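Following: one structure in structure tokens, then a few remarks.
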Amino acid sequence: MLSDLSRQSPADVSVVISTYNRCEQLRHALETLCDQRTNGVTWEAVIVDNNSTDDTRLVVQSFIDRANARLSYVFEPRQGLSFGRNAGIARATAPLIAFTDDDVLPAPDWVARIKRCFDEHPEADFIGGRVLPRWHTEVPGWLTPDHWSPLALVDYGHEAFVVNPQKPSCLVGANWAFRRHVFDRLGLFAPDFQRVKDGIGSAEDHDMQIRVWRAGGQGLYAPDVVVVADVQPERTTKAYHRKWYAGHARFCAMMGLRELTSPEGWLLPEPMAASRLFGVPGFVYRDVLRGIKLWMKAELRRQESSAFYHENRVRHCLHYIRQRYRQHAAERKHSGIAELAQFVRTVVRKRLKRARGEISAVRLIRR
């Protein structure tokens with residue numbers, strides 16, 4: 001019979017892992033987790049079987065049978081990481097809930113450092129640390145840290161910093177922990193932003209961070225909270241990265257993220273005022289043109305990593321535009337030609353106004 005943690009006293013930290021058909025990777029993750037040096041911190045692990053068809057249940061049972069392991073098995077038939085995490089949150093008993101993945105190996109003091117970090121920073125609603133790679137194949141020359149986002153790797157350096165609307169660095173669910181009251185107050189992870197079947201890329205992590213910031217909360221990047229993630233060989237291919245950027249752009253467009261981000265990278269309280277074409281701000285189209293220019297320049301200079309980076313930035317913009325266009329088409333009141341004409345008129349008027357202002361400024365200087 002699988003363990004029921006509800007019969008035990010609450011732990012200091014609940015670790016939630018949602019898994020799907022990765023029983024061998026899960027076995028390694030649980031071995032590492034069960035060897036934690038906790039320094040007196042009590043913890044539990046809630047393993048959510050997200051509708052697996054392999055031996056996931058048997059693997060979890062084998063660890064539950066260990067006398068020193070506080071593990072619980074939960075079956076969640078609805079496919080998707082958000083559903084899995086939410087089922088884990090419902091079962092967890094601790095005031096601190098940490099998340100990691102089935103292909104991730106936490107550092108030996110991971111749980112203890114999470115607890116200490118929250119104790120030392122009562123102002124932090126969530127924390128996230130470094131997610132370092134464990135490669136299983138030769139790393140291509142172009143795959144520098146600039147290309148780590150599709151791999152869900154994180155390393156912002158060795159200095160801690162606050163994560164808030166003025167510094168909205170994205171932390172990731174492979175190494176993430178929240179105070180329980182965040183979910184009680186703001187709700188659970190949003191299934192609308194989880195990965196679709198056979199797709200790549202998601203945004204439930206980003207959505208949750210934005211919701212915390214909107215509510216006046218903040219997070220903390222904690223570099224001494226460390227995990228190591230397996231990077232599968234297929235994720236080191238350009239095809240994977242191209243597909244990830246396309247999928248990620250779709251979710252960003254659903255959130256209207258570009259309109260909520262200032263040129264300085266800050267998260268804005270309201271969407272910025274901007275001329276729009278098919279529901280997309282004009283500056284996104286400018287970013288496409290600028291990105292193509294940088295991409296071609298890097299190609300001519302044979303700078304493979306830089307060229308691929310700018311190629312993917314262009315791809316992200318184009319798929320962002322595509323998704324916003326689809327959303328806008330259902331609500332459009334005018335023909336596409338009429339909207340295009342209106343957009344051109346607005347842009348021309350703004351440029352003329354700017355030109356007149358520059359001429360007036362020159363005249364004043366000459367006087």
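Letters A, B, ... mark the chains of the structure tokens in the order given; residue numbers begin at 1 per chain; ligand numbers begin at 1, in order shown.
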*Can you list, as a PyMOL selection string, all residues belonging to range 195-251 of chain A that DSSP tags as alpha helix (DSSP H)?*
chain A and resi 204-214+238-251
*For Arg179 in chain A, work out the shell of residues within 9 Å, counting only C-alpha atoms and skipping chain neighbours fewer than 4 positions away, then give it as a VMD selection string.*
chain A and resid 94 to 98 118 124 to 126 183
_For the structure I just gave you, how does DSSP split range 11-77 of chain A - specifically, which residues are strand (DSSP E or B)? Reply as a PyMOL selection string._
chain A and resi 13-19+43-49+71-75
_Exercise: Ser305 in chain A partners within 8 Å, only C-alpha atoms, chain neighbours under 4 positions left out, as a list in words_ = Gly141, Trp142, Leu143, Thr144 and Tyr309 of chain A
Could you give me, as JSON lines, a per-residue list for range 34-136 of chain A showing, wherever an atom lies at most 9 Å from an atom of range 156-169 of chain A, the closest pair of atoms and their distance in Å to one decimal, using only C-alpha atoms and sorting by chain then residue number from low to high?
```
{"residue": "A:Ala124", "atom": "CA", "partner": "A:Val162", "partner_atom": "CA", "distance": 8.2}
{"residue": "A:Ile127", "atom": "CA", "partner": "A:Val163", "partner_atom": "CA", "distance": 8.7}
{"residue": "A:Gly129", "atom": "CA", "partner": "A:Tyr156", "partner_atom": "CA", "distance": 8.8}
{"residue": "A:Arg130", "atom": "CA", "partner": "A:Tyr156", "partner_atom": "CA", "distance": 7.4}
```
Serialized selection, C-alpha atoms, as a tab-separated table (two decimals), in the first residue's frame:
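And here's selection-v6.tsv as it stands now:
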```
chain	number	residue	atom	x	y	z
A	124	ALA	CA	10.66	36.34	-0.39
A	127	ILE	CA	13.08	31.35	-4.50
A	129	GLY	CA	18.47	28.66	-7.80
A	130	ARG	CA	20.96	27.43	-10.33
```
